[in-house]
Amino acid sequence: ISAAAKADGSRSGSIVAPPVIKDVEKIDVNPPKGTRDFPPDDMRLRNWLFNHFKEVSRLFGYEEIDFPVLETEALFIRKAGEEIRDQLYCFEDRGNRRVALRPELTPSLARLVIQKGKSVSLPLKWFAVGQCWRYERMTRGRRREHYQWNMDIIGVPEVTAEAELISSIVTFFKRVGITASDVGFKVSSRKVLQELLIKYGVPEDLFGRVCIIIDKIEKIPIDEIKKELGFTGISEDDIEQLLKVLSVKSLDDLEDTLGGAGEAIADLRNLFSLAEKFGYSEWIQFDASVVRGLAYYTGIVFEGFDRKGKLRAICGGGRYDRLLSTYGGDDIPACGFGFGDAVIVELLKENGLLPELRQEVENIVCALDKDLQGAAATVATALRDKGQTVDLVLESKPLKWVFKRASRVNARRLVLVGKTEWEDGLVSVKVLSSGEQFQVKVNELE
Ligand SMILES: OCc1cccc(Br)n1
């Protein structure tokens, strides 16, 4: 039973029933299944990672873009049997529109390029870092969202574009301490498959679907692969021949198997020669089995992998010369890559390369008694106006508490506002690492 408290703090004897607090339903304070919060420690690592993504993109002269996380569902509806389609996070909005949380950034980029039309001059070199979504049954407990770094070149048909994109990823790896001994790129061209399927008489509109089946080669039993390929109408002999070609280990062997150097071989030889000039030859290897799991790739494809073979693909990309025209745009050549924020963190952890990131504050400013709270605010503002970071103690606290907080926020120095010094326009400063103490005029605080 609560007694009403009087102004002087005494309590009257009246008996007043407390207000009935209606039962508050205890909400689940965890984020939705498959999603993450980013409390300060995690946010510092995320910012560190994204800053490297963005610095590399700027180093290569790319411009940053962004688009809505929510897109029309139609942007992602492709009939090639991709996993990304099966797991589309789609729904009907209140306007009865079919919409989806984007599972990747490339379709939005294609939409924006078409929208811009002749108002932009090619080539475009654009980059984005954005959250992407999938709705996967939580049976496998995998995440439903991740952040992807994308760099794309629009309007360059030559393989120099793919060579530059791989160079940008190598630059990123080097910046964070990852070497060619830790990571490599498997490189191939879908033109290999295209040449074979034409030879086998497979209709062009099945090309994407065959690629998606082949991409599952290391994920499902080979008999399942053969069965699914059989459904596309490829004969058993041609399937055997196809799988044999996809297992060749060198460009020379590929040339022999294909019976001569077509576009695929020419592109790949050009890419490997450019890799030499960009200085990343030791990072890349030909691997005919790489096709990637997105239906729209049409040429060179590549994926970054950890040489210990412990992790899933780190990143991946390639040429997608037909994507814009499938959306009704012009036939503009394009290539790009996606680099997720999850596997790279596992790789950095594996290699002891995760950075130690702590909160850092230059000053913690504190009034030594409550009448000086205003003065402390003046000091904090003076420092902030000079670009100094300040954690201002906002309530009257014992010094012991202030020292504890200074240590927790990793403050470089303590600025105390005391009565006598303040009357002389001074504050006391204590450098916490050395213990050095001095008094200084507020406007001379550096
Ligand atoms: O890698 C495909 C993908 C797409 C969206 C979200 C997540 Br998690 N993963």
# chains A, B, ... in the order shown; residues from 1 in each chain; ligands from 1
call {"tool": "residues_near_ligand", "arguments": {"ligand": "ligand 1", "cutoff": "6 Å", "atoms": "only C-alpha atoms and all ligand atoms", "output": "list in words"}}
result
Pro103, Cys132, Trp133, Arg134, Arg143, Arg144, Glu145 and His146 of chain A
call {"tool": "residues_around", "arguments": {"residues": "range 415-425 of chain A", "least_positions_apart": "3", "cutoff": "12 Å", "atoms": "only C-alpha atoms", "output": "ChimeraX atom specification"}}
result
/A:362-380,383,390-393,396,399,402-403,406,411-412,428-432,437-446
call {"tool": "atom_distance", "arguments": {"atom1": "CA of Asp215 in chain A", "atom2": "CA of Arg312 in chain A"}}
result
13.4 Å
call {"tool": "residues_around", "arguments": {"residues": "Asn51 in chain A", "least_positions_apart": "3", "cutoff": "12 Å", "atoms": "only C-alpha atoms", "output": "ChimeraX atom specification"}}
result
/A:43-48,54-59,128-129,149,172,175-176
call {"tool": "write_last_selection", "arguments": {"atoms": "C-alpha atoms", "output": "CSV table (one decimal), in the first residue's frame"}}
result
chain,number,residue,atom,x,y,z
A,43,MET,CA,28.4,-2.8,-35.1
A,44,ARG,CA,32.1,-1.7,-34.8
A,45,LEU,CA,33.1,-4.9,-36.6
A,46,ARG,CA,30.4,-4.4,-39.3
A,47,ASN,CA,31.5,-0.8,-39.8
A,48,TRP,CA,35.1,-1.8,-40.0
A,54,LYS,CA,33.6,1.2,-49.5
A,55,GLU,CA,37.3,2.3,-49.5
A,56,VAL,CA,38.2,-0.3,-52.0
A,57,SER,CA,35.3,0.7,-54.2
A,58,ARG,CA,36.3,4.3,-54.1
A,59,LEU,CA,40.0,3.3,-54.8
A,128,ALA,CA,26.5,-0.8,-53.1
A,129,VAL,CA,26.4,-2.5,-49.7
A,149,TRP,CA,28.9,-5.7,-51.1
A,172,PHE,CA,40.1,-5.9,-50.3
A,175,ARG,CA,43.9,-4.8,-46.9
A,176,VAL,CA,42.5,-7.1,-44.2
call {"tool": "closest_residue", "arguments": {"among": "A:Arg307, A:Gly262, A:Lys26, A:Gly293", "to": "Glu218 in chain A", "atoms": "only C-alpha atoms"}}
result
A:Gly293
call {"tool": "select_by_dssp", "arguments": {"residues": "range 163-282 of chain A", "states": "strand (DSSP E or B)", "output": "NGL selection string"}}
result
:A and (183-189)
call {"tool": "select_by_dssp", "arguments": {"residues": "range 94-159 of chain A", "states": "helix (DSSP H, G or I)", "output": "JSON, numbers by chain"}}
result
{"A": [106, 107, 108, 109, 110, 111, 112, 113, 114, 115, 116, 117, 118, 119, 138, 139, 140]}
call {"tool": "atom_distance", "arguments": {"atom1": "CA of Met151 in chain A", "atom2": "CA of Phe127 in chain A"}}
result
4.3 Å
call {"tool": "atom_distance", "arguments": {"atom1": "CA of Tyr135 in chain A", "atom2": "CA of Asp86 in chain A"}}
result
8.5 Å
call {"tool": "residues_around", "arguments": {"residues": "Ile332 in chain A", "least_positions_apart": "6", "cutoff": "9 Å", "atoms": "only C-alpha atoms", "output": "MDAnalysis selection string"}}
result
chainID A and resid 154:157 321:325
call {"tool": "write_last_selection", "arguments": {"atoms": "all heavy atoms", "output": "compact mmCIF listing (two decimals), in the first residue's frame"}}
result
# COMPACT_ATOMS: atom_id res chain seq x y z
N ILE A 154 28.88 -1.58 -65.96
CA ILE A 154 27.83 -1.63 -66.97
C ILE A 154 28.34 -0.96 -68.25
O ILE A 154 28.78 0.18 -68.20
CB ILE A 154 26.56 -0.87 -66.50
CG1 ILE A 154 26.14 -1.27 -65.09
CG2 ILE A 154 25.43 -1.06 -67.51
CD1 ILE A 154 25.64 -2.67 -64.95
N GLY A 155 28.31 -1.75 -69.36
CA GLY A 155 28.66 -1.14 -70.65
C GLY A 155 30.03 -1.48 -71.18
O GLY A 155 30.49 -0.88 -72.15
N VAL A 156 30.73 -2.47 -70.55
CA VAL A 156 32.05 -2.89 -71.04
C VAL A 156 31.97 -4.37 -71.44
O VAL A 156 31.83 -5.24 -70.58
CB VAL A 156 33.14 -2.69 -69.97
CG1 VAL A 156 34.49 -3.23 -70.45
CG2 VAL A 156 33.27 -1.21 -69.62
N PRO A 157 32.01 -4.67 -72.73
CA PRO A 157 31.90 -6.08 -73.17
C PRO A 157 33.20 -6.87 -72.98
O PRO A 157 33.18 -8.08 -72.91
CB PRO A 157 31.55 -5.97 -74.65
CG PRO A 157 32.01 -4.61 -75.07
CD PRO A 157 32.00 -3.74 -73.85
N ASP A 321 25.38 -10.42 -69.53
CA ASP A 321 25.12 -9.54 -70.68
C ASP A 321 23.66 -9.47 -71.10
O ASP A 321 23.27 -8.58 -71.83
CB ASP A 321 25.97 -9.98 -71.89
CG ASP A 321 27.43 -9.60 -71.71
OD1 ASP A 321 27.73 -8.80 -70.79
OD2 ASP A 321 28.28 -10.12 -72.45
N ARG A 322 22.81 -10.41 -70.64
CA ARG A 322 21.42 -10.44 -71.12
C ARG A 322 20.42 -9.91 -70.08
O ARG A 322 19.23 -9.78 -70.37
CB ARG A 322 21.03 -11.89 -71.50
CG ARG A 322 22.00 -12.60 -72.41
CD ARG A 322 21.80 -12.24 -73.88
NE ARG A 322 20.45 -12.52 -74.32
CZ ARG A 322 19.64 -11.62 -74.92
NH1 ARG A 322 20.08 -10.39 -75.13
NH2 ARG A 322 18.40 -11.91 -75.28
N LEU A 323 20.90 -9.67 -68.85
CA LEU A 323 19.94 -9.34 -67.78
C LEU A 323 19.12 -8.10 -68.09
O LEU A 323 17.90 -8.10 -67.96
CB LEU A 323 20.66 -9.19 -66.44
CG LEU A 323 19.74 -8.97 -65.23
CD1 LEU A 323 18.83 -10.18 -65.02
CD2 LEU A 323 20.54 -8.68 -63.96
N LEU A 324 19.76 -7.03 -68.53
CA LEU A 324 19.01 -5.79 -68.76
C LEU A 324 17.95 -5.99 -69.84
O LEU A 324 16.82 -5.52 -69.72
CB LEU A 324 19.96 -4.64 -69.11
CG LEU A 324 20.59 -3.97 -67.88
CD1 LEU A 324 21.76 -4.77 -67.36
CD2 LEU A 324 21.02 -2.55 -68.17
N SER A 325 18.29 -6.75 -70.88
CA SER A 325 17.31 -6.93 -71.96
C SER A 325 16.15 -7.81 -71.48
O SER A 325 15.02 -7.64 -71.93
CB SER A 325 17.97 -7.54 -73.19
OG SER A 325 18.61 -8.75 -72.85
call {"tool": "residues_around", "arguments": {"residues": "Gly81 in chain A", "least_positions_apart": "4", "cutoff": "8 Å", "atoms": "only C-alpha atoms", "output": "PyMOL selection string"}}
result
chain A and resi 85-86+209+212
call {"tool": "closest_residue", "arguments": {"among": "A:Gly317, A:Pro40, A:Gly233, A:Gly279", "to": "Phe339 in chain A", "atoms": "only C-alpha atoms"}}
result
A:Gly317
call {"tool": "residues_around", "arguments": {"residues": "Ala266 in chain A", "least_positions_apart": "2", "cutoff": "12 Å", "atoms": "only C-alpha atoms", "output": "PyMOL selection string"}}
result
chain A and resi 158-159+188-189+191-192+251-252+254-255+260-264+268-273+299-300
call {"tool": "write_last_selection", "arguments": {"atoms": "N, CA, C and O atoms", "output": "tab-separated table (two decimals), in the first residue's frame"}}
result
chain	number	residue	atom	x	y	z
A	158	GLU	N	34.33	-6.16	-72.89
A	158	GLU	CA	35.62	-6.87	-72.82
A	158	GLU	C	35.86	-7.47	-71.43
A	158	GLU	O	35.34	-6.99	-70.41
A	159	VAL	N	36.74	-8.45	-71.43
A	159	VAL	CA	37.06	-9.20	-70.19
A	159	VAL	C	37.89	-8.35	-69.23
A	159	VAL	O	38.05	-8.68	-68.05
A	188	SER	N	35.90	-19.65	-64.47
A	188	SER	CA	35.54	-20.36	-65.70
A	188	SER	C	34.67	-19.42	-66.55
A	188	SER	O	34.58	-18.23	-66.27
A	189	SER	N	34.08	-19.99	-67.60
A	189	SER	CA	33.15	-19.20	-68.42
A	189	SER	C	31.94	-20.05	-68.76
A	189	SER	O	32.06	-21.22	-69.13
A	191	LYS	N	30.38	-19.74	-71.26
A	191	LYS	CA	30.39	-19.96	-72.72
A	191	LYS	C	30.85	-21.38	-73.02
A	191	LYS	O	30.52	-21.94	-74.07
A	192	VAL	N	31.55	-22.00	-72.06
A	192	VAL	CA	31.94	-23.41	-72.25
A	192	VAL	C	30.67	-24.24	-72.34
A	192	VAL	O	30.44	-25.00	-73.28
A	251	LEU	N	43.14	-25.14	-69.21
A	251	LEU	CA	42.60	-24.51	-70.42
A	251	LEU	C	43.01	-25.29	-71.66
A	251	LEU	O	42.24	-25.45	-72.60
A	252	ASP	N	44.24	-25.82	-71.63
A	252	ASP	CA	44.70	-26.61	-72.78
A	252	ASP	C	43.83	-27.85	-72.95
A	252	ASP	O	43.37	-28.18	-74.04
A	254	LEU	N	40.86	-28.19	-71.92
A	254	LEU	CA	39.53	-27.75	-72.34
A	254	LEU	C	39.51	-27.51	-73.85
A	254	LEU	O	38.59	-27.94	-74.55
A	255	GLU	N	40.58	-26.87	-74.32
A	255	GLU	CA	40.66	-26.57	-75.76
A	255	GLU	C	40.65	-27.87	-76.56
A	255	GLU	O	39.91	-28.03	-77.53
A	260	GLY	N	39.06	-27.18	-80.15
A	260	GLY	CA	39.49	-25.88	-80.73
A	260	GLY	C	39.15	-24.74	-79.79
A	260	GLY	O	38.40	-24.90	-78.83
A	261	ALA	N	39.73	-23.57	-80.09
A	261	ALA	CA	39.57	-22.43	-79.16
A	261	ALA	C	38.39	-21.58	-79.61
A	261	ALA	O	38.45	-20.86	-80.59
A	262	GLY	N	37.29	-21.68	-78.88
A	262	GLY	CA	36.12	-20.81	-79.16
A	262	GLY	C	36.22	-19.57	-78.30
A	262	GLY	O	37.26	-19.26	-77.72
A	263	GLU	N	35.09	-18.85	-78.16
A	263	GLU	CA	35.06	-17.60	-77.39
A	263	GLU	C	35.42	-17.84	-75.93
A	263	GLU	O	36.13	-17.06	-75.31
A	264	ALA	N	34.95	-18.97	-75.39
A	264	ALA	CA	35.18	-19.26	-73.96
A	264	ALA	C	36.68	-19.31	-73.69
A	264	ALA	O	37.18	-18.65	-72.77
A	268	LEU	N	38.97	-16.66	-71.49
A	268	LEU	CA	39.70	-17.14	-70.30
A	268	LEU	C	41.20	-16.87	-70.44
A	268	LEU	O	41.85	-16.42	-69.50
A	269	ARG	N	41.73	-17.11	-71.64
A	269	ARG	CA	43.16	-16.83	-71.83
A	269	ARG	C	43.43	-15.33	-71.64
A	269	ARG	O	44.40	-14.93	-71.01
A	270	ASN	N	42.53	-14.51	-72.13
A	270	ASN	CA	42.67	-13.06	-71.98
A	270	ASN	C	42.63	-12.67	-70.50
A	270	ASN	O	43.45	-11.89	-70.00
A	271	LEU	N	41.70	-13.29	-69.78
A	271	LEU	CA	41.57	-12.96	-68.34
A	271	LEU	C	42.84	-13.34	-67.59
A	271	LEU	O	43.37	-12.55	-66.80
A	272	PHE	N	43.39	-14.52	-67.88
A	272	PHE	CA	44.60	-14.95	-67.15
A	272	PHE	C	45.79	-14.08	-67.50
A	272	PHE	O	46.65	-13.81	-66.67
A	273	SER	N	45.81	-13.60	-68.75
A	273	SER	CA	46.91	-12.70	-69.12
A	273	SER	C	46.75	-11.35	-68.42
A	273	SER	O	47.70	-10.78	-67.89
A	299	GLY	N	28.80	-15.38	-69.17
A	299	GLY	CA	30.21	-15.47	-69.63
A	299	GLY	C	31.11	-15.88	-68.49
A	299	GLY	O	30.79	-16.82	-67.77
A	300	ILE	N	32.18	-15.11	-68.30
A	300	ILE	CA	33.11	-15.41	-67.21
A	300	ILE	C	32.34	-15.47	-65.89
A	300	ILE	O	31.47	-14.63	-65.63
call {"tool": "residues_around", "arguments": {"residues": "Val345 in chain A", "least_positions_apart": "4", "cutoff": "12 Å", "atoms": "only C-alpha atoms", "output": "number ranges by chain"}}
result
A: 42, 45-46, 48-50, 146-147, 173, 176, 178, 311-312, 314, 339-341, 349-355
call {"tool": "closest_residue", "arguments": {"among": "A:Glu240, A:Glu63, A:Glu204, A:Glu282", "to": "Ser167 in chain A", "atoms": "only C-alpha atoms"}}
result
A:Glu282
call {"tool": "closest_atom_pairs", "arguments": {"of": "range 199-299 of chain A", "to": "range 68-80 of chain A", "cutoff": "9 Å", "atoms": "only C-alpha atoms", "output": "CSV"}}
result
residue,atom,partner,partner_atom,distance
A:Leu206,CA,A:Ala80,CA,7.8
A:Phe207,CA,A:Ala80,CA,8.6
A:Gly208,CA,A:Ala80,CA,5.6
A:Arg209,CA,A:Ala80,CA,4.3
A:Val210,CA,A:Ala80,CA,8.1
A:Cys211,CA,A:Ala80,CA,8.6
A:Ile212,CA,A:Ala80,CA,6.9
A:Leu294,CA,A:Ala80,CA,8.6
A:Ala295,CA,A:Ala80,CA,6.2
call {"tool": "closest_residue", "arguments": {"among": "A:Ile222, A:Leu112, A:Phe337, A:Asn410", "to": "Gln359 in chain A", "atoms": "only C-alpha atoms"}}
result
A:Asn410
call {"tool": "closest_residue", "arguments": {"among": "A:Asp28, A:Val113, A:Cys90, A:Ile166", "to": "Asp331 in chain A", "atoms": "only C-alpha atoms"}}
result
A:Val113
call {"tool": "closest_residue", "arguments": {"among": "A:Lys249, A:Lys199, A:Lys244, A:Arg36", "to": "Lys186 in chain A", "atoms": "only C-alpha atoms"}}
result
A:Lys249
